[in-house]
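**Student:** Sharing a structure, written as structure tokens. Questions coming.
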Amino acid sequence: MNLIYQKQIEVTKEHIDQNNHVNNVQYVHWVEEMAGEHWEKVKDKTEYPEDIWMLVDHHIQYKKQVYLGDILTVKTYPKPPEGIRQPRKVEFYCNDQLVVDSDTLWVLVDLKTQKIKRLESNWLDKLSQ
């Protein structure tokens, strides 16, 4: 199984701010959306299909502006776990150029108990099989 999830987004008026480029807050929304969509695609192949991810830290670097009508290719993938935290990368490309780079940290929460779960260090390896 490929651990990279990818989709394209066309920039519309709702994504644009008063400076006529994609609003920076929109990228945060897309980061969360991409992570959620990716989890929906893979969760049933894990031991944690009923659990949810919570974003605990994020860093976004804006490299270039994106404008109305541009097409973004967005890629996301998990990186190796760091204790209870699960790093995730989200990259935004426009015309094959990296325009926004995001590193996030997530924790897996048991939906019933609302407690953080510790994942096995090799859980991504199992997902890749």
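Here, A, B, ... name the chains of the structure tokens in the order displayed, residue numbers run from 1 inside each chain, and ligands are numbered from 1 in the same displayed order.
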Which residues are near region 75-79 of chain A? Cut-off 9 Å, only C-alpha atoms, ignore same chain within fewer than 5 positions. Put them as an MDAnalysis selection string.
**Tutor:** chainID A and resid 3:8 31 34:35 38 86:93 124
**Student:** Of the candidates A:Lys43, A:Lys126, A:Arg118, A:Lys13, which one gets nearest to Pro81 (chain A) if we count only C-alpha atoms?
**Tutor:**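 Of A:Lys43, A:Lys126, A:Arg118, A:Lys13, the one nearest Pro81 (chain A), counting only C-alpha atoms, is A:Arg118.
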**Student:** By how many Å are CA of Asp70 (chain A) and CA of Asp103 (chain A) apart?
**Tutor:** 22.9 Å
**Student:** Tell me which protein, DNA and RNA residues are within 8 Å of Thr12 (chain A), counting only C-alpha atoms, leaving out same-chain ones fewer than 3 positions away, and put them as a list in words.
**Tutor:**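 Everything that qualifies: His15, Ile16, Leu68 and Gly69 of chain A.
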**Student:** Residues of region 61-128 of chain A that have any atom at most 9 Å from an atom of region 20-28 of chain A: could you tabulate them with the shortest-distance atom pair and the distance in Å to one decimal, using only C-alpha atoms, ordered by chain and increasing number, as CSV?
**Tutor:**
residue,atom,partner,partner_atom,distance
A:Tyr62,CA,A:Asn24,CA,8.1
A:Gln65,CA,A:His21,CA,6.2
A:Val66,CA,A:His21,CA,5.5
A:Tyr67,CA,A:His21,CA,4.6
A:Leu68,CA,A:His21,CA,6.8
A:Phe92,CA,A:Tyr27,CA,8.8
A:Val100,CA,A:Tyr27,CA,8.2
A:Ser102,CA,A:Val28,CA,8.8
**Student:** Run DSSP on the backbone of this structure and report the residues of region 32-72 of chain A it assigns to alpha helix (DSSP H), as number ranges by chain.
**Tutor:** A: 32-42
**Student:** Hey, which of A:Lys45, A:Asn19, A:Glu40, A:Val74 ends up closest to Ser128 (chain A)? Count only C-alpha atoms.
**Tutor:**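 Going through A:Lys45, A:Asn19, A:Glu40, A:Val74 one by one, the smallest distance to Ser128 (chain A) is for A:Lys45.
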**Student:** May I ask which of the residues A:Glu82, A:Glu33, A:Lys115, A:Asp110 is the closest one to Glu47 (chain A), counting only C-alpha atoms?
**Tutor:**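 Of A:Glu82, A:Glu33, A:Lys115, A:Asp110, the one nearest Glu47 (chain A) is A:Asp110, counting only C-alpha atoms.
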**Student:** Could you tell me how far CA of Arg85 (chain A) lies from CA of Val42 (chain A), in Å and to one decimal?
**Tutor:** 18.1 Å
**Student:** Counting only C-alpha atoms, which of A:Thr46, A:Asn122, A:Gln114, A:Thr73 gets nearest to Glu10 (chain A)?
**Tutor:** A:Thr73
**Student:** With only C-alpha atoms as the basis for distance, which of A:Gln18, A:Trp53, A:Gln97, A:Ile9 is at the shortest distance from Glu32 (chain A)?
**Tutor:** A:Trp53
